[in-house]
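Participant: What follows is a structure written as structure tokens; I'll ask about it next.
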Amino acid sequence: MKGPIISGAIILAGMFIFLKFLLPLVTAPLPASLIYLYLALVLSGILIYGTMSASSLEAMMGPVFRFLSGKGQTGASQMARLAVLVMFPLLVGWQTYSRLVPSDLPPAENRTIHPAPPGEFVGLSNPYPKTPENIMMGKGLYAAYCSPCHGANYDGKGPAAPGFNPPPANFSDPGTIAQLQEAYLFWRIKKGGVGLPVEGMPWKSAMPRWEDELPEEFIWKIIMGEYDGAHQTPRTWEEEE
Amino acid sequence: MLNGLGSLRTLSLIGLFGVLGFSSAFANEPPASEEPGSVSVRLYQLEGSLPSEDPNSSQWDSVPSSEFNLAPQVHWPPRIQEVTVKSVKVKGVHNGQEMAILVEYADPAEDAADAAALEFMVGDKPAHFAHGQKMLQVEGGPVNIWYWKNESGKAVDMSAKGFKTLETQPHQDIQAKGVWENGIWKVVFSRLLKTEDDQDVQVEEGEWRSVAFAFWDGAVVDGLVKEKGGQKAVSTWWYIRAEPSADNSIFGWVILGLVLATAFELVIVRKLRKGQAV
């Protein structure tokens with residue numbers, strides 16, 4: 001069994017290995033849908049090449065037709081033919097079933113972790129100077145009010161953290177407060193989870209609305225302590241100092 | 001050729017039964033028990049009466065459980081920093097009419113003020129897990145709370161939409177039964193899937209609802225109850241769903257797929273044998 005079918009299969013397999021395993025060594029991995037599209041293009045190329053003339057068609061499809069017709073077959077090839085003829089309807093049946101069977105998974109959630117703040121919080125700057133005393137006070141307030149969830153190490157692993165979904169933010173992660181301005185933190189601490197817009201799924205957030213309990217001065221100093229403790233700096237739009 | 005076609009028919013029939021057996025085996029097999037860190041509670045469908053009265057019924061043994069971590073309630077005052085109940089295992093069943101939900105959690109001592117509660121969103125508007133409290137940018141809905149306390153030995157059907165709005169419903173629809181044994185509380189709550197009361201969560205088979213949990217350790221420490229009111233172990237929202245009845249129309253479509261695929265094969269093989277296609 002050699003000929004266009006085997007060569008085609010080798011080309012397809014080689015292309016798959018190239019796209020799936022070799023290409024990611026030099027660039028970002030391709031999405032499965034794109035790999036599928038490229039393989040479909042390669043397959044159409046192979047089919048067009050194989051059907052260009054009557055002789056190439058016979059070279060490509062002849063063995064397949066003879067195999068399926070079963071003429072003069074014995075032993076292993078007869079069994080292989082029967083297996084193919086049985087497997088095809090089974091695959092169709094299985095595909096039908098798996099497409100129709102109701103999903104057991106809960107609805108997918110697209111929660112936006114850092115939604116846009118309301119306009120009144122955009123551009124605010126911390127009115128308190130970054131003195132060692134203010135930072136120290138902020139860290140003390142953080143320890144008292146924030147660390148049960150966000151953790152004494154600013155890593156989102158406080159003793160209360162395992163019970164919450166979504167989990168408390170990890171400030172030592174470069175993807176959280178390092179990406180945000182102080183004004184953004186001021187909004188999130190002041191208004192809490194209930195202050196989030198719909199894309200932030202406020203109904204799931206356990207973040208308290210601290211404006212009910214803490215003066216603004218405490219919130220600004222907590223922000224200072226948080227950045228210092230987590231070894232991060234706030235994002236700014238202008239060059240400072 | 002007749003022989004060939006005959007054996008093909010036989011094989012197709014074998015294939016048909018094979019897929020049907022395979023498919024139905026998969027449809028009826030419950031998934032393996034979920035690890036801690038579940039995201040949903042599945043109410044498995046049972047025939048006949050439910051183990052609503054007996055948390056220790058052997059009927060519960062075969063029901064897989066979900067497990068959820070709990071946190072001390074630190075979202076609003078009065079807060080608590082340390083709670084007794086750290087996680088809860090949840091099992092659920094329904095029979096098309098009624099449902100029963102079993103919560104199982106560790107609490108080293110049985111106390112009169114020990115209590116457990118389930119909370120559900122009611123209606124289409126999302127409700128905040130903390131008693132459906134007001135959200136600033138989103139219009140929220142109410143919650144339905146099923147509250148069981150050891151000393152009363154029964155459950156109360158409650159509603160809330162915001163702090164300080166928690167009230168006992170005029171129409172009570174739930175039952176509960178708790179049993180404490182060797183440091184484990186097992187409390188089973190039960191209700192009809194659907195009620196006439198628009199303050200209640202309505203459970204439609206196959207549709208997702210949101211559920212949250214709360215537990216109070218009623219131990220008396222220095223003359224005071226350790227956990228009461230807002231001082232409790234809580235979860236945020238998770239999903240819950242009553243398993244839908246098997247949809248037998250799926251098997252009709254599977255059979256149609258098998259028949260069409262087999263017929264396609266028959267036509268192709270027949271044409272090939274007559275030499276039309278080559």
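Chain labels run A, B, ... following the order of the structure tokens; each chain numbers its residues from 1, and ligands are numbered from 1 in the order shown.
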Using 9 Å as the limit and counting only C-alpha atoms, can you tabulate each residue of chain A that touches chain B, with its shortest atom-to-atom distance in Å and the two atoms involved, as a tab-separated table?

Facilitator:
```
residue	atom	partner	partner_atom	distance
A:Glu58	CA	B:Val278	CA	7.7
A:Met61	CA	B:Val278	CA	8.4
A:Gly62	CA	B:Val278	CA	6.9
A:Phe65	CA	B:Leu272	CA	6.6
A:Arg66	CA	B:Leu272	CA	7.8
A:Leu68	CA	B:Val269	CA	6.4
A:Ser69	CA	B:Arg273	CA	5.3
A:Gly70	CA	B:Arg273	CA	7.9
A:Lys71	CA	B:Arg273	CA	7.3
A:Leu82	CA	B:Leu8	CA	8.0
A:Leu85	CA	B:Glu265	CA	7.1
A:Val86	CA	B:Gly15	CA	6.0
A:Met87	CA	B:Gly15	CA	7.7
A:Phe88	CA	B:Ala261	CA	7.1
A:Pro89	CA	B:Ala261	CA	5.0
A:Leu90	CA	B:Val19	CA	6.0
A:Leu91	CA	B:Leu258	CA	8.6
A:Val92	CA	B:Gly257	CA	6.0
A:Gly93	CA	B:Val254	CA	5.0
A:Trp94	CA	B:Val19	CA	6.9
A:Gln95	CA	B:Val254	CA	8.5
A:Thr96	CA	B:Val254	CA	5.6
A:Tyr97	CA	B:Val254	CA	5.9
A:Ser98	CA	B:Ser23	CA	8.9
A:Leu100	CA	B:Ile250	CA	6.4
A:Val101	CA	B:Ile250	CA	7.1
A:Pro102	CA	B:Gly206	CA	8.6
A:Asp104	CA	B:Glu243	CA	8.7
A:Leu105	CA	B:Ser40	CA	8.6
A:Pro106	CA	B:Tyr239	CA	6.7
A:Pro107	CA	B:Trp208	CA	7.8
A:Pro148	CA	B:Gln81	CA	7.3
A:Cys149	CA	B:Val74	CA	8.4
A:Pro159	CA	B:Ala71	CA	8.1
A:Ala160	CA	B:Ala71	CA	4.9
A:Ala161	CA	B:Ala71	CA	6.9
A:Pro162	CA	B:Asn69	CA	6.3
A:Gly163	CA	B:Leu70	CA	4.1
A:Phe164	CA	B:Thr236	CA	6.0
A:Asn165	CA	B:Thr236	CA	6.1
A:Pro166	CA	B:Thr236	CA	8.4
A:Lys191	CA	B:Leu136	CA	8.3
A:Gly193	CA	B:Met135	CA	8.2
A:Val194	CA	B:Met135	CA	4.5
A:Gly195	CA	B:Leu136	CA	5.0
A:Leu196	CA	B:Gln137	CA	6.6
A:Pro197	CA	B:Gln137	CA	5.3
A:Val198	CA	B:Val138	CA	5.9
A:Met201	CA	B:Pro126	CA	8.7
A:Pro202	CA	B:His128	CA	7.0
A:Trp203	CA	B:His128	CA	3.7
A:Lys204	CA	B:Thr236	CA	6.0
A:Ser205	CA	B:Thr236	CA	7.7
A:Ala206	CA	B:His75	CA	5.3
A:Met207	CA	B:His75	CA	6.1
A:Pro208	CA	B:His75	CA	5.0
A:Arg209	CA	B:Trp76	CA	8.0
```

Participant: Please dump the current selection as a PDB file, in the first residue's frame; keep C-alpha atoms.

Facilitator:
```pdb
ATOM      1  CA  GLU A  58      -7.223   6.066 -10.188  1.00  0.00           C
ATOM      2  CA  MET A  61      -8.915   6.459  -5.135  1.00  0.00           C
ATOM      3  CA  GLY A  62      -8.511   3.063  -6.791  1.00  0.00           C
ATOM      4  CA  PHE A  65     -12.640   1.750  -3.910  1.00  0.00           C
ATOM      5  CA  ARG A  66     -11.228  -1.775  -4.196  1.00  0.00           C
ATOM      6  CA  LEU A  68     -14.476  -0.817   0.153  1.00  0.00           C
ATOM      7  CA  SER A  69     -15.992  -3.039  -2.557  1.00  0.00           C
ATOM      8  CA  GLY A  70     -14.460  -6.063  -0.839  1.00  0.00           C
ATOM      9  CA  LYS A  71     -13.920  -7.920  -4.101  1.00  0.00           C
ATOM     10  CA  LEU A  82     -15.784  -4.918   7.983  1.00  0.00           C
ATOM     11  CA  LEU A  85     -18.017  -0.403   7.603  1.00  0.00           C
ATOM     12  CA  VAL A  86     -19.075  -0.907  11.231  1.00  0.00           C
ATOM     13  CA  MET A  87     -17.124   2.030  12.654  1.00  0.00           C
ATOM     14  CA  PHE A  88     -18.523   4.639  10.267  1.00  0.00           C
ATOM     15  CA  PRO A  89     -22.196   4.425  11.408  1.00  0.00           C
ATOM     16  CA  LEU A  90     -21.008   4.130  15.012  1.00  0.00           C
ATOM     17  CA  LEU A  91     -19.050   7.366  14.662  1.00  0.00           C
ATOM     18  CA  VAL A  92     -22.034   9.133  13.114  1.00  0.00           C
ATOM     19  CA  GLY A  93     -24.249   7.873  15.961  1.00  0.00           C
ATOM     20  CA  TRP A  94     -21.742   8.935  18.593  1.00  0.00           C
ATOM     21  CA  GLN A  95     -21.329  12.385  17.036  1.00  0.00           C
ATOM     22  CA  THR A  96     -25.117  12.820  16.949  1.00  0.00           C
ATOM     23  CA  TYR A  97     -25.368  11.804  20.590  1.00  0.00           C
ATOM     24  CA  SER A  98     -22.561  14.007  21.844  1.00  0.00           C
ATOM     25  CA  LEU A 100     -27.387  16.641  21.381  1.00  0.00           C
ATOM     26  CA  VAL A 101     -26.779  15.498  24.945  1.00  0.00           C
ATOM     27  CA  PRO A 102     -27.490  18.400  27.361  1.00  0.00           C
ATOM     28  CA  ASP A 104     -23.722  19.347  32.531  1.00  0.00           C
ATOM     29  CA  LEU A 105     -21.543  22.428  32.957  1.00  0.00           C
ATOM     30  CA  PRO A 106     -22.714  25.607  34.677  1.00  0.00           C
ATOM     31  CA  PRO A 107     -22.999  28.716  32.492  1.00  0.00           C
ATOM     32  CA  PRO A 148      -7.992  38.609  56.762  1.00  0.00           C
ATOM     33  CA  CYS A 149      -8.740  38.149  53.037  1.00  0.00           C
ATOM     34  CA  PRO A 159      -7.254  33.063  56.447  1.00  0.00           C
ATOM     35  CA  ALA A 160     -10.713  33.948  55.037  1.00  0.00           C
ATOM     36  CA  ALA A 161      -9.623  33.706  51.395  1.00  0.00           C
ATOM     37  CA  PRO A 162     -10.342  30.015  50.631  1.00  0.00           C
ATOM     38  CA  GLY A 163     -14.090  30.499  51.110  1.00  0.00           C
ATOM     39  CA  PHE A 164     -14.567  33.232  48.542  1.00  0.00           C
ATOM     40  CA  ASN A 165     -15.367  33.022  44.846  1.00  0.00           C
ATOM     41  CA  PRO A 166     -13.992  35.123  43.195  1.00  0.00           C
ATOM     42  CA  LYS A 191     -17.413  51.372  47.191  1.00  0.00           C
ATOM     43  CA  GLY A 193     -17.910  44.785  45.664  1.00  0.00           C
ATOM     44  CA  VAL A 194     -21.386  46.323  45.507  1.00  0.00           C
ATOM     45  CA  GLY A 195     -19.918  49.297  43.621  1.00  0.00           C
ATOM     46  CA  LEU A 196     -18.868  47.192  40.628  1.00  0.00           C
ATOM     47  CA  PRO A 197     -20.667  47.532  37.302  1.00  0.00           C
ATOM     48  CA  VAL A 198     -22.569  44.547  35.930  1.00  0.00           C
ATOM     49  CA  MET A 201     -20.531  40.670  38.837  1.00  0.00           C
ATOM     50  CA  PRO A 202     -20.970  42.686  42.044  1.00  0.00           C
ATOM     51  CA  TRP A 203     -23.382  40.076  43.471  1.00  0.00           C
ATOM     52  CA  LYS A 204     -20.499  37.651  44.002  1.00  0.00           C
ATOM     53  CA  SER A 205     -17.986  39.998  45.589  1.00  0.00           C
ATOM     54  CA  ALA A 206     -17.314  39.905  49.342  1.00  0.00           C
ATOM     55  CA  MET A 207     -15.243  43.122  49.250  1.00  0.00           C
ATOM     56  CA  PRO A 208     -16.741  45.442  51.906  1.00  0.00           C
ATOM     57  CA  ARG A 209     -17.998  48.919  51.086  1.00  0.00           C
TER      58      ARG A 209
END
```

Participant: Would you please extract all strand (DSSP E or B) residues from stretch 61-145 of chain B, as assigned by DSSP on the backbone, and give them as number ranges by chain?

Facilitator: B: 66-69, 71-72, 87-94, 98-106, 115-121, 143-145

Participant: Which distance in Å separates atom CA of A:Pro24 and atom CA of A:Tyr36, to one decimal?

Facilitator: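 We find that atom CA of A:Pro24 and atom CA of A:Tyr36 lie 15.6 Å from each other.
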
Participant: Taking 4 positions as the minimum chain separation for residues in the same chain, which residues sit within 9 Å of B:Val93 when counting only C-alpha atoms? Answer as an mmCIF file with C-alpha atoms, in the first residue's frame.

Facilitator:
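The resulting file, result_25.cif, is reproduced below:
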```
data_model
loop_
_atom_site.group_PDB
_atom_site.id
_atom_site.type_symbol
_atom_site.label_atom_id
_atom_site.label_comp_id
_atom_site.auth_asym_id
_atom_site.auth_seq_id
_atom_site.Cartn_x
_atom_site.Cartn_y
_atom_site.Cartn_z
ATOM 1 C CA ARG B 42 -26.459 18.548 41.145
ATOM 2 C CA LEU B 43 -29.887 17.342 42.262
ATOM 3 C CA TYR B 44 -29.899 13.760 41.019
ATOM 4 C CA GLN B 45 -33.167 12.356 39.810
ATOM 5 C CA LEU B 46 -34.606 9.505 41.872
ATOM 6 C CA LEU B 50 -36.949 11.051 48.676
ATOM 7 C CA PRO B 51 -34.854 10.661 51.856
ATOM 8 C CA TRP B 60 -27.958 9.251 50.359
ATOM 9 C CA VAL B 63 -25.476 10.245 45.754
ATOM 10 C CA GLU B 98 -39.939 17.409 45.390
ATOM 11 C CA MET B 99 -36.277 18.070 46.119
ATOM 12 C CA ALA B 100 -34.081 17.311 49.111
ATOM 13 C CA ILE B 101 -30.700 18.898 49.824
ATOM 14 C CA LEU B 102 -28.358 17.400 52.414
ATOM 15 C CA ALA B 242 -32.122 19.739 39.157
ATOM 16 C CA GLU B 243 -30.979 17.049 36.760
#
```

Participant: One decimal, Å: what's the distance from atom CA of A:Pro29 over to atom CA of A:Ile11, could you say?

Facilitator: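 About the pair atom CA of A:Pro29 and atom CA of A:Ile11: they are 20.4 Å apart.
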
Participant: Near stretch 120-123 of chain B, counting only C-alpha atoms, which residues have an atom at most 7 Å away, once you skip same-chain residues fewer than 3 positions from it, shown as number ranges by chain?

Facilitator: B: 126-127, 141-145, 200-201, 210-212

Participant: Excluding A:Gly45 and its own-chain neighbours fewer than 6 positions away, which residues fall within 12 Å of it when counting only C-alpha atoms? Please give them as a ChimeraX atom specification.

Facilitator: /A:8,11-12,38-39,51-52

Participant: By how many Å are atom CA of B:Lys154 and atom CA of B:Thr168 apart?

Facilitator: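 If I compute the distance from atom CA of B:Lys154 to atom CA of B:Thr168, I get 13.2 Å.
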
Participant: With a distance cut-off of 7 Å and only C-alpha atoms, select the neighbouring residues of B:Ala106, excluding the residue or stretch itself and same-chain residues fewer than 2 positions from it, and output the selection as a PyMOL selection string.

Facilitator: chain B and resi 85+108+183-185

Participant: Rank A:Lys190, A:His231, A:Arg81, A:Lys157 by their smallest atom-to-atom distance to A:Ile177, using only C-alpha atoms, and report the top residue only.

Facilitator: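 Closest to A:Ile177 of all the choices is A:His231.
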
Participant: Between A:Ser103, A:Ser172, A:Pro117, A:Ser147, which residue has the minimum interatomic distance to A:Gly192, considering only C-alpha atoms?

Facilitator: A:Pro117

Participant: From the DSSP assignment of the backbone, select every residue of stretch 26-202 of chain B that is helix (DSSP H, G or I), and format the answer as a ChimeraX atom specification.

Facilitator: /B:26-28,58-62

Participant: Could those residues be written to a file, using N, CA, C and O atoms, as a short mmCIF file (atom, residue, chain, number, x, y, z; two decimals), in the first residue's frame?

Facilitator:
```cif
data_model
loop_
_atom_site.label_atom_id
_atom_site.label_comp_id
_atom_site.auth_asym_id
_atom_site.auth_seq_id
_atom_site.Cartn_x
_atom_site.Cartn_y
_atom_site.Cartn_z
N PHE B 26 -23.50 5.70 29.02
CA PHE B 26 -22.93 7.00 29.38
C PHE B 26 -23.98 7.92 29.99
O PHE B 26 -23.71 8.64 30.92
N ALA B 27 -25.20 7.86 29.44
CA ALA B 27 -26.24 8.77 29.90
C ALA B 27 -26.60 8.49 31.36
O ALA B 27 -26.93 9.40 32.10
N ASN B 28 -26.54 7.24 31.77
CA ASN B 28 -27.01 6.90 33.12
C ASN B 28 -25.91 6.92 34.16
O ASN B 28 -26.18 6.88 35.34
N SER B 58 -29.89 5.37 53.81
CA SER B 58 -28.91 4.75 52.90
C SER B 58 -29.08 5.25 51.47
O SER B 58 -28.19 5.10 50.65
N GLN B 59 -30.26 5.86 51.19
CA GLN B 59 -30.47 6.43 49.85
C GLN B 59 -29.42 7.51 49.53
O GLN B 59 -29.08 7.73 48.38
N TRP B 60 -28.95 8.18 50.59
CA TRP B 60 -27.96 9.25 50.36
C TRP B 60 -26.59 8.70 49.98
O TRP B 60 -25.77 9.40 49.38
N ASP B 61 -26.33 7.42 50.38
CA ASP B 61 -24.98 6.88 50.20
C ASP B 61 -24.53 6.88 48.74
O ASP B 61 -23.35 7.07 48.45
N SER B 62 -25.48 6.64 47.84
CA SER B 62 -25.08 6.51 46.44
C SER B 62 -25.08 7.85 45.69
O SER B 62 -24.79 7.90 44.50
#
```

Participant: With a distance cut-off of 7 Å and only C-alpha atoms, select the neighbouring residues of stretch 126-134 of chain A, excluding the residue or stretch itself and same-chain residues fewer than 3 positions from it, and output the selection as a PyMOL selection string.

Facilitator: chain A and resi 137-138+182+220-221
